[in-house]
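Please read the structure below before turning to the comments.
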Amino acid sequence: MKNENCKTVRLGDVCENQAEETLFKNIAKLIEDSRKQVAKAVNTAMVYTYYRVGHYIVEYEQNGRNRAGYGKETLKNLSAQLTDVYGKGWSYETLAKCRKFYVAYSNLSDGQTNSSPQFSLSWNHYQILMRLENNDERKFYEIEAKSQNWGYKWLQRQVASSLYERLALSRNKDEVMQLAEKGQIIENSSDIIKNPITLEFLGLKTESAYSESKLESAIISKLQTFLLELGKGFLFEARQKRFTFNEDNFYVDLVLYNRILQCYVLVDLKIDKLTHQDLGQMQMYVNYFDRYVKLDFEKPTIGILLCKSKDDALVELTLPKDSNIYAAEYKLCLPDKALLQAKIKEWAEEFQSNIEEEGKHE
């Protein structure tokens with residue numbers, strides 16, 4: 001009887017401890033959530049303050065008070081005054097960024113100096129965005145950072161990897177404006193493709209020899225980053241997925257699923273130049289999944305051949321026009337942003353020239 005009473009007491013102590021632990025966790029979560037809200041509110045207020053500071057500086061300059069050659073001294077003097085009153089945080093560099101931020105996000109040509117844009121990202125985000133001279137590019141990254149909840153470091157990486165240019169060059173000419181207006185919209189299988197796919201995060205050296213299995217292992221070790229680089233809605237299912245047909249075994253390097261398109265995405269890795277045999281093999285993989293794996297409600301399977309190099313003419317000749325198979329080059333270092341921008345400019349000029357030529361014949 002005495003032992004039973006002891007057990008009852010011990011059980012009571014356990015229940016009491018669990019209740020106190022639950023109480024602590026609930027209050028701790030409340031405090032953490034509150035701190036996050038306060039931090040977000042402070043950050044938002046800071047962004048708007050920097051924007052208005054930039055407005056006053058630019059207004060001062062436009063009124064002729066800031067003559068050529070004296071701009072730097074003006075900001076230095078202003079920095080010293082603000083630092084004396086408000087302490088650190090108002091350096092010359094910060095004031096120069098405020099001015100740049102205002103110029104990037106205001107429409108001075110229309111005289112709308114009193115209206116402020118809506119800001120919802122952190123100051124760290126805007127320090128990256130305001131460096132982009134192309135308004136369409138800046139709007140695209142801002143939309144994606146908001147909708148995808150990108151941290152500023154991932155935004156920095158996407159800008160450095162020229163995501164906007166890579167997506168633009170992978171799309172039809174009449175779809176490019178949509179990037180700046182709506183961000184990356186996933187509606188068709190071709191919407192998930194970008195050229196090239198940048199894999200600098202794998203840490204593989206371009207000049208070093210490596211096998212397809214080493215490339216695959218490197219991708220698996222950085223799987224989350226790899227899926228983010230591929231784009232929106234990707235989920236991982238398997239590596240070296242085996243299927244058997246007519247007593248022969250076949251292996252797909254990576255089997256993914258895209259929840260937005262509701263379809264399987266098969267990825268095969270090729271460390272050399274793509275061949276028509278590679279394309280035929282992927283066609284067989286896709287056909288198998290469409291006929292024996294996918295469910296009735298799911299969309300047709302997509303095949304992606306991730307290769308070191310490819311011949312676009314060969315790919316076009318080998319695959320049917322309505323094919324769901326795509327060849328995408330990968331790079332182990334960040335692409336040359338200036339080169340991609342030059343390609344887009346050349347492409348845009350050609351597009352505009354074609355429109356003008358069509359207009360003449362109408």
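Chain lettering (A, B, ...) mirrors the order of the structure tokens, residue numbering begins at 1 for each chain separately, and ligand numbering begins at 1 in order of display.
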
So which residues touch stretch 47-57 of chain A within 9 Å, counting only C-alpha atoms, skipping near sequence neighbours fewer than 2 positions away, as a tab-separated table (two decimals) with N, CA and C atoms, in the first residue's frame?
```tsv
chain	number	residue	atom	x	y	z
A	42	VAL	N	10.13	47.63	-36.23
A	42	VAL	CA	11.28	48.54	-36.15
A	42	VAL	C	12.01	48.59	-37.49
A	43	ASN	N	12.18	47.42	-38.13
A	43	ASN	CA	12.87	47.36	-39.41
A	43	ASN	C	12.09	48.11	-40.49
A	44	THR	N	10.76	47.93	-40.49
A	44	THR	CA	9.93	48.64	-41.46
A	44	THR	C	10.02	50.14	-41.26
A	45	ALA	N	9.95	50.58	-39.99
A	45	ALA	CA	10.06	52.01	-39.68
A	45	ALA	C	11.42	52.54	-40.13
A	59	GLU	N	16.12	66.49	-52.38
A	59	GLU	CA	15.42	67.78	-52.48
A	59	GLU	C	16.38	68.93	-52.27
A	60	TYR	N	17.27	68.78	-51.31
A	60	TYR	CA	18.29	69.80	-51.03
A	60	TYR	C	19.19	69.99	-52.25
A	61	GLU	N	19.58	68.89	-52.84
A	61	GLU	CA	20.47	68.95	-54.00
A	61	GLU	C	19.76	69.58	-55.20
A	62	GLN	N	18.50	69.24	-55.41
A	62	GLN	CA	17.77	69.74	-56.57
A	62	GLN	C	17.51	71.24	-56.48
A	75	LEU	N	27.36	65.76	-47.13
A	75	LEU	CA	26.96	64.53	-46.42
A	75	LEU	C	27.87	64.26	-45.23
A	94	THR	N	26.04	55.60	-44.88
A	94	THR	CA	24.61	55.38	-44.67
A	94	THR	C	23.79	56.45	-45.37
A	95	LEU	N	24.20	57.70	-45.25
A	95	LEU	CA	23.47	58.80	-45.89
A	95	LEU	C	23.54	58.68	-47.41
A	96	ALA	N	24.68	58.24	-47.93
A	96	ALA	CA	24.80	58.04	-49.38
A	96	ALA	C	23.85	56.93	-49.85
A	97	LYS	N	23.70	55.88	-49.03
A	97	LYS	CA	22.76	54.80	-49.36
A	97	LYS	C	21.32	55.30	-49.31
A	98	CYS	N	21.00	56.17	-48.34
A	98	CYS	CA	19.65	56.74	-48.25
A	98	CYS	C	19.31	57.49	-49.54
A	99	ARG	N	20.26	58.27	-50.00
A	99	ARG	CA	20.04	59.03	-51.23
A	99	ARG	C	19.83	58.07	-52.40
A	100	LYS	N	20.67	57.06	-52.50
A	100	LYS	CA	20.56	56.09	-53.60
A	100	LYS	C	19.24	55.32	-53.52
A	101	PHE	N	18.83	54.98	-52.30
A	101	PHE	CA	17.58	54.26	-52.08
A	101	PHE	C	16.39	55.09	-52.58
A	102	TYR	N	16.39	56.36	-52.23
A	102	TYR	CA	15.29	57.23	-52.65
A	102	TYR	C	15.25	57.36	-54.17
A	103	VAL	N	16.39	57.57	-54.78
A	103	VAL	CA	16.45	57.74	-56.23
A	103	VAL	C	15.96	56.47	-56.93
A	105	TYR	N	13.80	54.23	-55.81
A	105	TYR	CA	12.41	53.87	-55.55
A	105	TYR	C	11.42	55.04	-55.69
A	106	SER	N	11.85	56.18	-56.18
A	106	SER	CA	10.93	57.30	-56.40
A	106	SER	C	10.80	57.56	-57.88
A	113	THR	N	7.40	63.36	-55.26
A	113	THR	CA	8.39	63.28	-54.19
A	113	THR	C	7.75	63.11	-52.81
A	114	ASN	N	6.43	63.31	-52.72
A	114	ASN	CA	5.78	63.22	-51.41
A	114	ASN	C	5.10	61.88	-51.19
A	116	SER	N	5.21	57.81	-50.95
A	116	SER	CA	6.19	56.76	-50.66
A	116	SER	C	5.70	55.42	-51.19
A	118	GLN	N	5.33	51.29	-51.10
A	118	GLN	CA	5.07	50.39	-49.98
A	118	GLN	C	6.27	49.46	-49.81
A	119	PHE	N	6.86	49.48	-48.63
A	119	PHE	CA	8.03	48.65	-48.35
A	119	PHE	C	7.66	47.53	-47.37
A	120	SER	N	8.07	46.31	-47.70
A	120	SER	CA	7.75	45.18	-46.83
A	120	SER	C	8.95	44.27	-46.58
A	121	LEU	N	10.11	44.63	-47.15
A	121	LEU	CA	11.33	43.86	-46.93
A	121	LEU	C	12.24	44.59	-45.96
A	122	SER	N	13.32	43.95	-45.57
A	122	SER	CA	14.25	44.56	-44.61
A	122	SER	C	15.20	45.53	-45.31
A	123	TRP	N	15.87	46.36	-44.52
A	123	TRP	CA	16.84	47.28	-45.08
A	123	TRP	C	17.97	46.53	-45.78
A	126	TYR	N	16.84	45.83	-49.26
A	126	TYR	CA	16.81	47.01	-50.14
A	126	TYR	C	18.21	47.50	-50.48
```

Tell me which protein, DNA and RNA residues are within 7 Å of A:Asp268, counting only C-alpha atoms, leaving out same-chain ones fewer than 5 positions away, and put them as a CSV table (one decimal) with all heavy atoms, in the first residue's frame.
```
chain,number,residue,atom,x,y,z
A,252,VAL,N,17.1,6.1,-62.8
A,252,VAL,CA,16.9,7.6,-63.0
A,252,VAL,C,17.8,8.2,-61.9
A,252,VAL,O,17.6,7.9,-60.7
A,252,VAL,CB,15.5,8.0,-62.9
A,252,VAL,CG1,15.3,9.5,-63.2
A,252,VAL,CG2,14.6,7.2,-63.8
A,253,ASP,N,18.6,9.2,-62.3
A,253,ASP,CA,19.5,9.8,-61.3
A,253,ASP,C,18.8,10.4,-60.1
A,253,ASP,O,19.0,10.1,-59.0
A,253,ASP,CB,20.4,10.8,-62.0
A,253,ASP,CG,21.4,10.2,-62.9
A,253,ASP,OD1,21.7,9.0,-62.7
A,253,ASP,OD2,22.0,10.9,-63.8
A,254,LEU,N,17.8,11.3,-60.5
A,254,LEU,CA,17.0,12.0,-59.4
A,254,LEU,C,15.6,12.0,-59.9
A,254,LEU,O,15.2,12.4,-61.0
A,254,LEU,CB,17.5,13.4,-59.3
A,254,LEU,CG,19.0,13.6,-58.8
A,254,LEU,CD1,19.3,15.1,-58.9
A,254,LEU,CD2,19.2,13.1,-57.4
A,304,ILE,N,14.4,16.4,-67.4
A,304,ILE,CA,15.4,17.4,-67.5
A,304,ILE,C,16.8,16.8,-67.6
A,304,ILE,O,17.1,16.0,-66.7
A,304,ILE,CB,15.4,18.4,-66.3
A,304,ILE,CG1,14.0,19.1,-66.2
A,304,ILE,CG2,16.5,19.4,-66.4
A,304,ILE,CD1,13.9,20.0,-64.9
A,305,LEU,N,17.5,17.0,-68.6
A,305,LEU,CA,18.8,16.6,-68.8
A,305,LEU,C,19.8,17.7,-68.4
A,305,LEU,O,19.9,18.7,-69.1
A,305,LEU,CB,19.1,16.1,-70.2
A,305,LEU,CG,18.4,14.8,-70.6
A,305,LEU,CD1,17.9,14.8,-72.0
A,305,LEU,CD2,19.4,13.6,-70.4
A,306,LEU,N,20.4,17.5,-67.3
A,306,LEU,CA,21.3,18.5,-66.8
A,306,LEU,C,22.7,18.2,-67.3
A,306,LEU,O,23.3,17.2,-66.8
A,306,LEU,CB,21.3,18.5,-65.2
A,306,LEU,CG,21.7,19.8,-64.5
A,306,LEU,CD1,20.9,21.0,-65.0
A,306,LEU,CD2,21.4,19.6,-63.0
```

Exercise for review: Pick out each residue of stretch 32-260 of chain A that DSSP on the backbone tags as strand (DSSP E or B); I need them as JSON, numbers by chain.
Suggested key: {"A": [197, 198, 234, 235, 236, 237, 238, 239, 240, 241, 242, 243, 244, 245, 248, 249, 250, 251, 252, 253, 254, 255, 256, 257, 258]}

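Excluding stretch 218-234 of chain A itself and any same-chain residue fewer than 6 positions from it, the protein and nucleic acid residues within 7 Å of it, counting only C-alpha atoms, are Ile192, Leu202, Leu256, Tyr257, Asn258, Arg259 and Ile260 of chain A.
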
Check your understanding: Interatomic distance between atom CA of A:Cys263 and atom CA of A:Lys299?
Key ->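 Computing it gives 5.0 Å between the two atoms.
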
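Shortest atom-to-atom contact with A:Asp336 among A:Glu20, A:Glu165, A:Glu142, A:Glu73: A:Glu165, counting only C-alpha atoms.
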
Exercise for review: Find the distance between atom CA of A:Ala209 and atom CA of A:Asp272 and write it in Å to one decimal.
Suggested key: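 So the answer is 11.2 Å.
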
Point to revise | A:Lys153 environment, 12 Å, only C-alpha atoms, sequence neighbours closer than 2 positions dropped, as an MDAnalysis selection string | key: chainID A and resid 122 124:128 145 149:151 155:160

Using the selection just defined, write its residues with all heavy atoms as a CSV table (one decimal), in the first residue's frame.
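The resulting file, selection_21.csv, is reproduced below:
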```
chain,number,residue,atom,x,y,z
A,122,SER,N,13.3,44.0,-45.6
A,122,SER,CA,14.2,44.6,-44.6
A,122,SER,C,15.2,45.5,-45.3
A,122,SER,O,15.3,45.5,-46.5
A,122,SER,CB,15.1,43.5,-43.9
A,122,SER,OG,16.0,42.9,-44.8
A,124,ASN,N,18.3,45.4,-45.3
A,124,ASN,CA,19.4,44.5,-45.9
A,124,ASN,C,18.9,44.1,-47.3
A,124,ASN,O,19.8,44.1,-48.3
A,124,ASN,CB,19.7,43.3,-45.1
A,124,ASN,CG,20.5,43.6,-43.8
A,124,ASN,OD1,21.2,44.6,-43.8
A,124,ASN,ND2,20.4,42.8,-42.8
A,125,HIS,N,17.6,43.8,-47.5
A,125,HIS,CA,17.1,43.5,-48.8
A,125,HIS,C,17.3,44.7,-49.7
A,125,HIS,O,17.7,44.5,-50.9
A,125,HIS,CB,15.6,43.1,-48.7
A,125,HIS,CG,15.4,41.7,-48.2
A,125,HIS,ND1,15.3,41.5,-46.8
A,125,HIS,CD2,15.2,40.5,-48.8
A,125,HIS,CE1,15.1,40.2,-46.6
A,125,HIS,NE2,15.0,39.6,-47.8
A,126,TYR,N,16.8,45.8,-49.3
A,126,TYR,CA,16.8,47.0,-50.1
A,126,TYR,C,18.2,47.5,-50.5
A,126,TYR,O,18.4,48.1,-51.5
A,126,TYR,CB,16.0,48.1,-49.5
A,126,TYR,CG,14.5,47.8,-49.6
A,126,TYR,CD1,13.8,47.5,-48.4
A,126,TYR,CD2,13.8,47.7,-50.8
A,126,TYR,CE1,12.4,47.2,-48.4
A,126,TYR,CE2,12.5,47.4,-50.8
A,126,TYR,CZ,11.8,47.1,-49.6
A,126,TYR,OH,10.4,46.8,-49.7
A,127,GLN,N,19.2,47.2,-49.6
A,127,GLN,CA,20.5,47.6,-50.0
A,127,GLN,C,21.0,46.8,-51.2
A,127,GLN,O,21.9,47.3,-51.9
A,127,GLN,CB,21.5,47.4,-48.8
A,127,GLN,CG,21.3,48.4,-47.6
A,127,GLN,CD,22.3,48.2,-46.5
A,127,GLN,OE1,23.4,48.6,-46.6
A,127,GLN,NE2,21.9,47.5,-45.5
A,128,ILE,N,20.5,45.6,-51.3
A,128,ILE,CA,20.8,44.8,-52.5
A,128,ILE,C,20.0,45.2,-53.7
A,128,ILE,O,20.6,45.4,-54.8
A,128,ILE,CB,20.5,43.3,-52.2
A,128,ILE,CG1,21.4,42.8,-51.1
A,128,ILE,CG2,20.8,42.4,-53.5
A,128,ILE,CD1,21.0,41.4,-50.6
A,145,ALA,N,11.3,37.9,-53.7
A,145,ALA,CA,11.7,38.0,-52.3
A,145,ALA,C,10.5,38.0,-51.3
A,145,ALA,O,10.5,37.3,-50.3
A,145,ALA,CB,12.6,39.2,-52.0
A,149,ASN,N,9.5,34.5,-49.5
A,149,ASN,CA,10.1,34.7,-48.2
A,149,ASN,C,11.6,34.5,-48.2
A,149,ASN,O,12.2,33.9,-47.3
A,149,ASN,CB,9.4,33.8,-47.1
A,149,ASN,CG,9.6,34.3,-45.7
A,149,ASN,OD1,9.8,35.5,-45.5
A,149,ASN,ND2,9.6,33.4,-44.8
A,150,TRP,N,12.3,35.1,-49.1
A,150,TRP,CA,13.8,35.0,-49.2
A,150,TRP,C,14.4,35.8,-48.1
A,150,TRP,O,14.1,37.0,-47.9
A,150,TRP,CB,14.3,35.5,-50.6
A,150,TRP,CG,14.0,34.6,-51.7
A,150,TRP,CD1,13.5,33.3,-51.7
A,150,TRP,CD2,14.2,34.9,-53.1
A,150,TRP,NE1,13.4,32.9,-53.0
A,150,TRP,CE2,13.8,33.8,-53.9
A,150,TRP,CE3,14.7,36.1,-53.8
A,150,TRP,CZ2,13.9,33.8,-55.3
A,150,TRP,CZ3,14.8,36.1,-55.1
A,150,TRP,CH2,14.4,34.9,-55.9
A,151,GLY,N,15.4,35.2,-47.5
A,151,GLY,CA,16.3,36.0,-46.6
A,151,GLY,C,17.2,36.8,-47.5
A,151,GLY,O,17.4,36.6,-48.7
A,155,LEU,N,18.6,36.3,-51.4
A,155,LEU,CA,18.4,37.3,-52.4
A,155,LEU,C,19.7,37.7,-53.1
A,155,LEU,O,19.8,37.8,-54.3
A,155,LEU,CB,17.7,38.5,-51.8
A,155,LEU,CG,17.6,39.7,-52.8
A,155,LEU,CD1,16.8,39.5,-54.0
A,155,LEU,CD2,17.0,40.9,-52.0
A,156,GLN,N,20.7,37.9,-52.2
A,156,GLN,CA,22.0,38.3,-52.7
A,156,GLN,C,22.6,37.2,-53.7
A,156,GLN,O,23.1,37.5,-54.7
A,156,GLN,CB,23.0,38.5,-51.5
A,156,GLN,CG,24.3,39.0,-51.9
A,156,GLN,CD,25.1,39.3,-50.6
A,156,GLN,OE1,25.1,38.5,-49.7
A,156,GLN,NE2,25.7,40.5,-50.6
A,157,ARG,N,22.4,35.9,-53.3
A,157,ARG,CA,22.8,34.8,-54.1
A,157,ARG,C,22.1,34.8,-55.5
A,157,ARG,O,22.7,34.6,-56.5
A,157,ARG,CB,22.7,33.5,-53.4
A,157,ARG,CG,23.3,32.3,-54.1
A,157,ARG,CD,22.3,31.5,-54.9
A,157,ARG,NE,23.0,30.5,-55.7
A,157,ARG,CZ,22.4,29.8,-56.6
A,157,ARG,NH1,21.1,30.0,-56.9
A,157,ARG,NH2,23.0,28.9,-57.3
A,158,GLN,N,20.8,35.0,-55.4
A,158,GLN,CA,20.0,34.9,-56.7
A,158,GLN,C,20.4,36.1,-57.6
A,158,GLN,O,20.4,35.9,-58.8
A,158,GLN,CB,18.5,35.0,-56.3
A,158,GLN,CG,18.0,33.8,-55.6
A,158,GLN,CD,18.0,32.5,-56.4
A,158,GLN,OE1,19.0,32.2,-57.0
A,158,GLN,NE2,16.8,31.8,-56.4
A,159,VAL,N,20.6,37.2,-57.1
A,159,VAL,CA,21.1,38.4,-57.9
A,159,VAL,C,22.4,38.0,-58.5
A,159,VAL,O,22.7,38.2,-59.7
A,159,VAL,CB,21.1,39.7,-57.1
A,159,VAL,CG1,21.8,40.8,-57.9
A,159,VAL,CG2,19.7,40.1,-56.7
A,160,ALA,N,23.3,37.5,-57.7
A,160,ALA,CA,24.7,37.2,-58.1
A,160,ALA,C,24.7,36.1,-59.2
A,160,ALA,O,25.5,36.0,-60.1
A,160,ALA,CB,25.6,36.7,-57.0
```

Point to revise | Nearest residue to A:Pro196 from the set A:Ala80, A:Val38, A:Leu334, A:Ile31 (distances using only C-alpha atoms) | key: A:Leu334

Exercise for review: Enumerate, as a ChimeraX atom specification, the complete set of residues in stretch 25-264 of chain A that a backbone-based DSSP assignment places in alpha helix (DSSP H).
Suggested key: /A:25-62,71-86,92-105,123-129,135-147,152-160,163-168,176-182,212-221,223-230

Review point. A:Pro320: which residues within 12 Å, counting only C-alpha atoms, same-chain residues fewer than 4 positions away excluded, as JSON, numbers by chain?
Key: {"A": [279, 280, 283, 314, 315, 316, 324, 325, 326]}

Could you save the residues just selected, with N, CA and C atoms, as an mmCIF file, in the first residue's frame?
```
data_model
loop_
_atom_site.group_PDB
_atom_site.id
_atom_site.type_symbol
_atom_site.label_atom_id
_atom_site.label_comp_id
_atom_site.auth_asym_id
_atom_site.auth_seq_id
_atom_site.Cartn_x
_atom_site.Cartn_y
_atom_site.Cartn_z
ATOM 1 N N LEU A 279 19.120 11.931 -75.016
ATOM 2 C CA LEU A 279 17.746 12.424 -75.174
ATOM 3 C C LEU A 279 16.773 11.253 -75.364
ATOM 4 N N GLY A 280 17.167 10.260 -76.140
ATOM 5 C CA GLY A 280 16.320 9.085 -76.346
ATOM 6 C C GLY A 280 16.101 8.315 -75.058
ATOM 7 N N GLN A 283 13.622 10.149 -72.964
ATOM 8 C CA GLN A 283 12.281 9.963 -73.528
ATOM 9 C C GLN A 283 11.679 8.646 -73.049
ATOM 10 N N LEU A 314 20.656 20.176 -82.200
ATOM 11 C CA LEU A 314 20.522 18.722 -82.037
ATOM 12 C C LEU A 314 19.333 18.387 -81.148
ATOM 13 N N VAL A 315 19.160 19.128 -80.069
ATOM 14 C CA VAL A 315 18.043 18.901 -79.153
ATOM 15 C C VAL A 315 16.726 19.101 -79.880
ATOM 16 N N GLU A 316 16.639 20.180 -80.661
ATOM 17 C CA GLU A 316 15.404 20.481 -81.391
ATOM 18 C C GLU A 316 15.103 19.420 -82.440
ATOM 19 N N ASN A 324 8.006 16.980 -73.543
ATOM 20 C CA ASN A 324 8.093 17.479 -72.169
ATOM 21 C C ASN A 324 9.505 17.279 -71.616
ATOM 22 N N ILE A 325 10.472 17.224 -72.508
ATOM 23 C CA ILE A 325 11.866 16.981 -72.131
ATOM 24 C C ILE A 325 12.689 18.225 -72.448
ATOM 25 N N TYR A 326 13.557 18.586 -71.511
ATOM 26 C CA TYR A 326 14.340 19.813 -71.658
ATOM 27 C C TYR A 326 15.802 19.531 -71.343
#
```

**Study point:** Pick from A:Tyr164, A:Phe245, A:Lys72, A:Asp311, whichever lies nearest to A:Arg291 using only C-alpha atoms
**Key:**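 The shortest atom-to-atom distance to A:Arg291 comes from A:Phe245.
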